[in-house]
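Asks: Please see the structure below; I have some questions.
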Amino acid sequence: MSDEEWFDIFDEAMRPIGTAARSEVHARGHWHRSFHCWLARPADGGLMVRFQRRASGKDTFPDCFDITVAGHLAAGETHRDAAREIREEIGLDIPFEKLTFLFEHRSVREGIARGVPFIDREISRVYGALSDAPLDSFRLQIEETAGIYEADADSLIALFEGRLPELTAEGRVPGAGGRELRPAVERVTPDLFVPREPSYYLDVFRRLQRLSAPDRS
């Protein structure tokens with residue numbers, strides 16, 4: 001029996017139409033659900049947004065910068081269930097009750113990963129949370145995550161608005177054996193992120209800022 005993940009799948013109106021294996025979902029472009037969670041750290045009157053680099057073995061968008069934590073909902077799972085991804089991918093204990101729902105997002109993306117074409121049709125619930133956990137305290141699931149980084153929210157907004165050509169992000173990547181983390185610095189440009197509409201990223205960063213300072217305009 002295959003160990004492949006199985007997802008609930010939906011039609012265009014998000015009516016359930018059954019379940020399918022992950023490879024079939026991405027090969028045929030079935031609509032399926034996912035969980036997005038962005039973490040941010042208040043710092044010096046601003047906000048540092050955390051984001052990951054996807055592992056090189058991922059079946060979609062390997063090596064791209066992406067959401068702090070994300071994952072598909074397995075068949076029968078709820079978004080509360082999917083919050084387990086926070087512990088699994090980055091090793092932090094943040095209960096679902098501590099997450100703030102930001103918005104829902106639909107996306108259709110196509111590409112080729114490791115020579116295999118894919119069509120990724122997702123409907124995602126996007127959450128945010130503030131955490132002052134230092135990057136050294138993260139424990140990365142190296143099969144999923146190749147590094148964790150942070151950058152100033154205002155700078156990220158300028159980047160995705162086209163007012164800043166690039167920025168430098170400090171982070172941590174797995175060291176020898178994959179357990180201990182070592183410092184890393186990366187040049188970041190919008191095209192190095194998983195391709196989504198700039199409005200998705202801008203909406204996330206601005207909502208995280210409001211989450212950290214509700215009175216901020």
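Within each chain, counting starts at residue 1; across the structure tokens, chains are named A, B, ... in the order shown, with ligands numbered 1 upward in that order.
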Counting only C-alpha atoms, what is within 12 Å of Thr189 of chain A, bar same-chain residues fewer than 6 positions away, as a list in words?
Replies: Cys64, Phe65, Ala151, Ser155, Leu156, Ile157, Ala158, Leu159, Phe160, Glu161, Gly162, Arg163, Leu164, Pro165, Glu166, Leu167, Thr168, Ala169 and Pro195 of chain A
Asks: Next, write the just-selected residues to a file, as a PDB file, in the first residue's frame, keeping N, CA, C and O atoms as the atom set.
Replies:
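File produced: out-v8.pdb:
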ATOM      1  N   CYS A  64      12.173  27.599  -3.415  1.00  0.00           N
ATOM      2  CA  CYS A  64      11.609  28.948  -3.362  1.00  0.00           C
ATOM      3  C   CYS A  64      11.393  29.394  -1.914  1.00  0.00           C
ATOM      4  O   CYS A  64      11.152  28.574  -1.021  1.00  0.00           O
ATOM      5  N   PHE A  65      11.441  30.709  -1.692  1.00  0.00           N
ATOM      6  CA  PHE A  65      11.003  31.257  -0.412  1.00  0.00           C
ATOM      7  C   PHE A  65       9.485  31.140  -0.338  1.00  0.00           C
ATOM      8  O   PHE A  65       8.784  31.220  -1.356  1.00  0.00           O
ATOM      9  N   ALA A 151      12.754  39.186   7.695  1.00  0.00           N
ATOM     10  CA  ALA A 151      13.041  40.501   7.114  1.00  0.00           C
ATOM     11  C   ALA A 151      11.988  41.481   7.599  1.00  0.00           C
ATOM     12  O   ALA A 151      10.871  41.100   7.968  1.00  0.00           O
ATOM     13  N   SER A 155      10.137  46.713   4.599  1.00  0.00           N
ATOM     14  CA  SER A 155      11.026  46.442   3.467  1.00  0.00           C
ATOM     15  C   SER A 155      10.409  45.411   2.525  1.00  0.00           C
ATOM     16  O   SER A 155      10.527  45.518   1.298  1.00  0.00           O
ATOM     17  N   LEU A 156       9.736  44.411   3.093  1.00  0.00           N
ATOM     18  CA  LEU A 156       9.069  43.419   2.248  1.00  0.00           C
ATOM     19  C   LEU A 156       7.938  44.047   1.436  1.00  0.00           C
ATOM     20  O   LEU A 156       7.740  43.718   0.260  1.00  0.00           O
ATOM     21  N   ILE A 157       7.220  44.963   2.055  1.00  0.00           N
ATOM     22  CA  ILE A 157       6.158  45.667   1.323  1.00  0.00           C
ATOM     23  C   ILE A 157       6.763  46.476   0.171  1.00  0.00           C
ATOM     24  O   ILE A 157       6.266  46.434  -0.962  1.00  0.00           O
ATOM     25  N   ALA A 158       7.855  47.189   0.436  1.00  0.00           N
ATOM     26  CA  ALA A 158       8.518  47.952  -0.620  1.00  0.00           C
ATOM     27  C   ALA A 158       9.024  47.027  -1.727  1.00  0.00           C
ATOM     28  O   ALA A 158       8.974  47.369  -2.915  1.00  0.00           O
ATOM     29  N   LEU A 159       9.488  45.839  -1.338  1.00  0.00           N
ATOM     30  CA  LEU A 159       9.987  44.870  -2.310  1.00  0.00           C
ATOM     31  C   LEU A 159       8.872  44.431  -3.260  1.00  0.00           C
ATOM     32  O   LEU A 159       9.040  44.440  -4.488  1.00  0.00           O
ATOM     33  N   PHE A 160       7.717  44.067  -2.708  1.00  0.00           N
ATOM     34  CA  PHE A 160       6.627  43.563  -3.541  1.00  0.00           C
ATOM     35  C   PHE A 160       5.849  44.674  -4.238  1.00  0.00           C
ATOM     36  O   PHE A 160       5.099  44.402  -5.167  1.00  0.00           O
ATOM     37  N   GLU A 161       6.034  45.912  -3.802  1.00  0.00           N
ATOM     38  CA  GLU A 161       5.461  47.049  -4.535  1.00  0.00           C
ATOM     39  C   GLU A 161       6.392  47.528  -5.652  1.00  0.00           C
ATOM     40  O   GLU A 161       6.018  48.421  -6.413  1.00  0.00           O
ATOM     41  N   GLY A 162       7.588  46.967  -5.707  1.00  0.00           N
ATOM     42  CA  GLY A 162       8.537  47.364  -6.741  1.00  0.00           C
ATOM     43  C   GLY A 162       9.355  48.586  -6.408  1.00  0.00           C
ATOM     44  O   GLY A 162      10.076  49.111  -7.253  1.00  0.00           O
ATOM     45  N   ARG A 163       9.267  49.068  -5.169  1.00  0.00           N
ATOM     46  CA  ARG A 163      10.034  50.244  -4.757  1.00  0.00           C
ATOM     47  C   ARG A 163      11.428  49.883  -4.265  1.00  0.00           C
ATOM     48  O   ARG A 163      12.274  50.760  -4.090  1.00  0.00           O
ATOM     49  N   LEU A 164      11.675  48.607  -4.036  1.00  0.00           N
ATOM     50  CA  LEU A 164      12.959  48.115  -3.553  1.00  0.00           C
ATOM     51  C   LEU A 164      13.328  46.916  -4.424  1.00  0.00           C
ATOM     52  O   LEU A 164      12.548  45.968  -4.523  1.00  0.00           O
ATOM     53  N   PRO A 165      14.503  46.942  -5.078  1.00  0.00           N
ATOM     54  CA  PRO A 165      14.830  45.843  -5.996  1.00  0.00           C
ATOM     55  C   PRO A 165      15.174  44.535  -5.294  1.00  0.00           C
ATOM     56  O   PRO A 165      14.932  43.452  -5.828  1.00  0.00           O
ATOM     57  N   GLU A 166      15.742  44.626  -4.116  1.00  0.00           N
ATOM     58  CA  GLU A 166      16.101  43.428  -3.357  1.00  0.00           C
ATOM     59  C   GLU A 166      16.355  43.816  -1.913  1.00  0.00           C
ATOM     60  O   GLU A 166      16.475  44.995  -1.575  1.00  0.00           O
ATOM     61  N   LEU A 167      16.402  42.813  -1.055  1.00  0.00           N
ATOM     62  CA  LEU A 167      16.776  43.040   0.337  1.00  0.00           C
ATOM     63  C   LEU A 167      17.610  41.866   0.810  1.00  0.00           C
ATOM     64  O   LEU A 167      17.707  40.832   0.142  1.00  0.00           O
ATOM     65  N   THR A 168      18.217  42.033   1.970  1.00  0.00           N
ATOM     66  CA  THR A 168      19.018  40.973   2.574  1.00  0.00           C
ATOM     67  C   THR A 168      18.296  40.444   3.803  1.00  0.00           C
ATOM     68  O   THR A 168      17.837  41.221   4.639  1.00  0.00           O
ATOM     69  N   ALA A 169      18.150  39.138   3.875  1.00  0.00           N
ATOM     70  CA  ALA A 169      17.463  38.506   5.004  1.00  0.00           C
ATOM     71  C   ALA A 169      18.447  37.626   5.758  1.00  0.00           C
ATOM     72  O   ALA A 169      19.225  36.883   5.161  1.00  0.00           O
ATOM     73  N   PRO A 195       5.586  31.731  -6.751  1.00  0.00           N
ATOM     74  CA  PRO A 195       4.836  32.716  -7.550  1.00  0.00           C
ATOM     75  C   PRO A 195       3.375  32.815  -7.157  1.00  0.00           C
ATOM     76  O   PRO A 195       2.610  31.879  -7.312  1.00  0.00           O
TER      77      PRO A 195
END
Asks: Excluding Ile94 of chain A and residues on its chain fewer than 6 positions from it, collect all residues at most 10 Å away from it, counting only C-alpha atoms, and give them as a PyMOL selection string.
Replies: chain A and resi 83-84+86-87+129-131
Asks: Residues of the last selection are to be written out with N, CA, C and O atoms, as a PDB file, in the first residue's frame.
Replies:
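Final output, saved to selection.pdb:
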ATOM      1  N   ALA A  83      -2.918  22.653  11.771  1.00  0.00           N
ATOM      2  CA  ALA A  83      -1.987  23.490  12.537  1.00  0.00           C
ATOM      3  C   ALA A  83      -0.844  22.672  13.122  1.00  0.00           C
ATOM      4  O   ALA A  83       0.159  23.238  13.576  1.00  0.00           O
ATOM      5  N   ARG A  84      -0.959  21.333  13.073  1.00  0.00           N
ATOM      6  CA  ARG A  84       0.143  20.462  13.499  1.00  0.00           C
ATOM      7  C   ARG A  84       1.405  20.752  12.684  1.00  0.00           C
ATOM      8  O   ARG A  84       2.530  20.466  13.133  1.00  0.00           O
ATOM      9  N   ILE A  86       2.882  23.409  12.201  1.00  0.00           N
ATOM     10  CA  ILE A  86       3.791  24.355  12.865  1.00  0.00           C
ATOM     11  C   ILE A  86       4.855  23.590  13.643  1.00  0.00           C
ATOM     12  O   ILE A  86       6.053  23.863  13.520  1.00  0.00           O
ATOM     13  N   ARG A  87       4.432  22.622  14.429  1.00  0.00           N
ATOM     14  CA  ARG A  87       5.394  21.813  15.185  1.00  0.00           C
ATOM     15  C   ARG A  87       6.215  20.939  14.237  1.00  0.00           C
ATOM     16  O   ARG A  87       7.436  20.805  14.396  1.00  0.00           O
ATOM     17  N   ALA A 129       0.389  34.907  13.325  1.00  0.00           N
ATOM     18  CA  ALA A 129       0.641  34.881  14.765  1.00  0.00           C
ATOM     19  C   ALA A 129       1.934  35.621  15.049  1.00  0.00           C
ATOM     20  O   ALA A 129       2.853  35.640  14.212  1.00  0.00           O
ATOM     21  N   LEU A 130       1.992  36.254  16.212  1.00  0.00           N
ATOM     22  CA  LEU A 130       3.216  36.904  16.670  1.00  0.00           C
ATOM     23  C   LEU A 130       3.975  35.946  17.566  1.00  0.00           C
ATOM     24  O   LEU A 130       3.395  35.264  18.407  1.00  0.00           O
ATOM     25  N   SER A 131       5.277  35.879  17.354  1.00  0.00           N
ATOM     26  CA  SER A 131       6.124  35.004  18.165  1.00  0.00           C
ATOM     27  C   SER A 131       7.502  35.636  18.279  1.00  0.00           C
ATOM     28  O   SER A 131       8.087  36.045  17.274  1.00  0.00           O
TER      29      SER A 131
END
Asks: Which residue is closest to Tyr149 of chain A? Choose from A:Glu170, A:Arg22, A:Lys98, A:Trp38 and count only C-alpha atoms.
Replies: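 With only C-alpha atoms as the atom set, the closest residue is A:Glu170.
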Asks: Residues of segment 92-195 of chain A that approach segment 39-62 of chain A to 9 Å or less, counting only C-alpha atoms: could you list each one with the shortest pair of atoms and its distance in Å to one decimal, rows by chain and increasing residue number, as JSON lines?
Replies:
{"residue": "A:Glu110", "atom": "CA", "partner": "A:Thr60", "partner_atom": "CA", "distance": 8.9}
{"residue": "A:Gly111", "atom": "CA", "partner": "A:Thr60", "partner_atom": "CA", "distance": 7.7}
{"residue": "A:Ile112", "atom": "CA", "partner": "A:Thr60", "partner_atom": "CA", "distance": 7.5}
{"residue": "A:Ala113", "atom": "CA", "partner": "A:Asp59", "partner_atom": "CA", "distance": 5.7}
{"residue": "A:Arg114", "atom": "CA", "partner": "A:Asp59", "partner_atom": "CA", "distance": 7.4}
{"residue": "A:Val116", "atom": "CA", "partner": "A:Asp59", "partner_atom": "CA", "distance": 8.3}
{"residue": "A:Phe118", "atom": "CA", "partner": "A:Thr60", "partner_atom": "CA", "distance": 7.4}
{"residue": "A:Asp120", "atom": "CA", "partner": "A:Thr60", "partner_atom": "CA", "distance": 8.1}
{"residue": "A:Tyr127", "atom": "CA", "partner": "A:Leu39", "partner_atom": "CA", "distance": 8.7}
{"residue": "A:Gly128", "atom": "CA", "partner": "A:Leu39", "partner_atom": "CA", "distance": 5.8}
{"residue": "A:Ala129", "atom": "CA", "partner": "A:Leu39", "partner_atom": "CA", "distance": 5.0}
{"residue": "A:Leu130", "atom": "CA", "partner": "A:Ala40", "partner_atom": "CA", "distance": 5.0}
{"residue": "A:Ser131", "atom": "CA", "partner": "A:Arg41", "partner_atom": "CA", "distance": 5.3}
{"residue": "A:Asp132", "atom": "CA", "partner": "A:Arg41", "partner_atom": "CA", "distance": 5.1}
{"residue": "A:Ala133", "atom": "CA", "partner": "A:Arg41", "partner_atom": "CA", "distance": 7.8}
{"residue": "A:Pro134", "atom": "CA", "partner": "A:Arg41", "partner_atom": "CA", "distance": 8.9}
{"residue": "A:Ile142", "atom": "CA", "partner": "A:Ala55", "partner_atom": "CA", "distance": 6.9}
{"residue": "A:Glu143", "atom": "CA", "partner": "A:Ala55", "partner_atom": "CA", "distance": 6.2}
{"residue": "A:Glu144", "atom": "CA", "partner": "A:Ala55", "partner_atom": "CA", "distance": 5.1}
{"residue": "A:Thr145", "atom": "CA", "partner": "A:Ala55", "partner_atom": "CA", "distance": 4.8}
{"residue": "A:Ala146", "atom": "CA", "partner": "A:Ala55", "partner_atom": "CA", "distance": 4.7}
{"residue": "A:Gly147", "atom": "CA", "partner": "A:Arg53", "partner_atom": "CA", "distance": 5.1}
{"residue": "A:Ile148", "atom": "CA", "partner": "A:Gln52", "partner_atom": "CA", "distance": 4.4}
{"residue": "A:Tyr149", "atom": "CA", "partner": "A:Phe51", "partner_atom": "CA", "distance": 5.4}
{"residue": "A:Glu150", "atom": "CA", "partner": "A:Arg50", "partner_atom": "CA", "distance": 4.3}
{"residue": "A:Ala151", "atom": "CA", "partner": "A:Met48", "partner_atom": "CA", "distance": 5.2}
{"residue": "A:Asp152", "atom": "CA", "partner": "A:Met48", "partner_atom": "CA", "distance": 4.5}
{"residue": "A:Ala153", "atom": "CA", "partner": "A:Leu47", "partner_atom": "CA", "distance": 5.6}
{"residue": "A:Asp154", "atom": "CA", "partner": "A:Leu47", "partner_atom": "CA", "distance": 7.9}
{"residue": "A:Leu156", "atom": "CA", "partner": "A:Val49", "partner_atom": "CA", "distance": 8.4}
{"residue": "A:Gly171", "atom": "CA", "partner": "A:Arg50", "partner_atom": "CA", "distance": 8.9}
{"residue": "A:Phe193", "atom": "CA", "partner": "A:Arg53", "partner_atom": "CA", "distance": 8.5}
{"residue": "A:Val194", "atom": "CA", "partner": "A:Phe61", "partner_atom": "CA", "distance": 6.3}
{"residue": "A:Pro195", "atom": "CA", "partner": "A:Phe61", "partner_atom": "CA", "distance": 8.5}
Asks: Restrict the selected residues to N, CA and C atoms and save them as a short mmCIF file (atom, residue, chain, number, x, y, z; two decimals), in the first residue's frame.
Replies:
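Result file follows (result.cif):
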data_model
loop_
_atom_site.label_atom_id
_atom_site.label_comp_id
_atom_site.auth_asym_id
_atom_site.auth_seq_id
_atom_site.Cartn_x
_atom_site.Cartn_y
_atom_site.Cartn_z
N GLU A 110 0.90 26.66 -12.19
CA GLU A 110 1.39 25.53 -12.97
C GLU A 110 2.90 25.62 -13.09
N GLY A 111 3.53 24.47 -13.25
CA GLY A 111 4.98 24.46 -13.39
C GLY A 111 5.49 23.05 -13.62
N ILE A 112 6.81 22.93 -13.50
CA ILE A 112 7.48 21.64 -13.62
C ILE A 112 8.45 21.51 -12.46
N ALA A 113 8.37 20.42 -11.72
CA ALA A 113 9.29 20.16 -10.62
C ALA A 113 9.92 18.79 -10.83
N ARG A 114 11.26 18.78 -10.87
CA ARG A 114 12.00 17.54 -11.10
C ARG A 114 11.51 16.82 -12.36
N VAL A 116 8.57 16.85 -13.73
CA VAL A 116 7.17 16.41 -13.72
C VAL A 116 6.26 17.65 -13.74
N PHE A 118 3.03 19.98 -13.10
CA PHE A 118 1.99 19.99 -12.07
C PHE A 118 1.05 21.15 -12.29
N ASP A 120 -1.42 23.21 -9.62
CA ASP A 120 -1.72 23.32 -8.19
C ASP A 120 -2.89 24.28 -8.00
N TYR A 127 -3.48 32.32 8.10
CA TYR A 127 -3.45 32.72 9.51
C TYR A 127 -2.15 33.45 9.81
N GLY A 128 -2.17 34.23 10.88
CA GLY A 128 -0.97 34.91 11.34
C GLY A 128 -0.84 34.79 12.84
N ALA A 129 0.39 34.91 13.33
CA ALA A 129 0.64 34.88 14.77
C ALA A 129 1.93 35.62 15.05
N LEU A 130 1.99 36.25 16.21
CA LEU A 130 3.22 36.90 16.67
C LEU A 130 3.97 35.95 17.57
N SER A 131 5.28 35.88 17.35
CA SER A 131 6.12 35.00 18.16
C SER A 131 7.50 35.64 18.28
N ASP A 132 8.00 35.73 19.52
CA ASP A 132 9.34 36.26 19.70
C ASP A 132 10.38 35.15 19.83
N ALA A 133 10.03 33.94 19.44
CA ALA A 133 10.97 32.82 19.49
C ALA A 133 12.20 33.13 18.63
N PRO A 134 13.41 33.04 19.19
CA PRO A 134 14.60 33.30 18.37
C PRO A 134 14.77 32.24 17.29
N ILE A 142 13.79 18.88 7.72
CA ILE A 142 14.63 19.14 6.55
C ILE A 142 14.04 18.56 5.27
N GLU A 143 13.13 17.60 5.37
CA GLU A 143 12.48 17.09 4.17
C GLU A 143 11.56 18.15 3.55
N GLU A 144 11.12 19.10 4.37
CA GLU A 144 10.19 20.14 3.93
C GLU A 144 10.83 21.51 3.82
N THR A 145 11.75 21.80 4.72
CA THR A 145 12.22 23.18 4.91
C THR A 145 13.74 23.24 4.89
N ALA A 146 14.29 24.06 3.98
CA ALA A 146 15.73 24.16 3.83
C ALA A 146 16.32 25.34 4.60
N GLY A 147 15.48 26.19 5.18
CA GLY A 147 15.98 27.32 5.93
C GLY A 147 14.84 28.19 6.42
N ILE A 148 15.12 28.99 7.46
CA ILE A 148 14.12 29.93 7.99
C ILE A 148 14.78 31.31 8.05
N TYR A 149 14.07 32.34 7.59
CA TYR A 149 14.63 33.68 7.46
C TYR A 149 13.67 34.72 8.01
N GLU A 150 14.15 35.93 8.21
CA GLU A 150 13.27 37.03 8.60
C GLU A 150 13.74 38.31 7.97
N ALA A 151 12.75 39.19 7.69
CA ALA A 151 13.04 40.50 7.11
C ALA A 151 11.99 41.48 7.60
N ASP A 152 12.35 42.76 7.58
CA ASP A 152 11.46 43.82 8.05
C ASP A 152 10.22 43.91 7.16
N ALA A 153 9.05 44.02 7.79
CA ALA A 153 7.79 44.04 7.05
C ALA A 153 7.72 45.23 6.09
N ASP A 154 8.15 46.41 6.53
CA ASP A 154 8.11 47.58 5.64
C ASP A 154 8.98 47.35 4.40
N LEU A 156 9.74 44.41 3.09
CA LEU A 156 9.07 43.42 2.25
C LEU A 156 7.94 44.05 1.44
N GLY A 171 19.01 34.51 8.47
CA GLY A 171 18.25 33.32 8.82
C GLY A 171 19.11 32.22 9.38
N PHE A 193 10.39 34.04 -4.45
CA PHE A 193 9.26 33.50 -3.68
C PHE A 193 8.40 32.62 -4.57
N VAL A 194 7.65 31.71 -3.93
CA VAL A 194 6.63 30.96 -4.67
C VAL A 194 5.79 31.95 -5.45
N PRO A 195 5.59 31.73 -6.75
CA PRO A 195 4.84 32.72 -7.55
C PRO A 195 3.38 32.82 -7.16
#
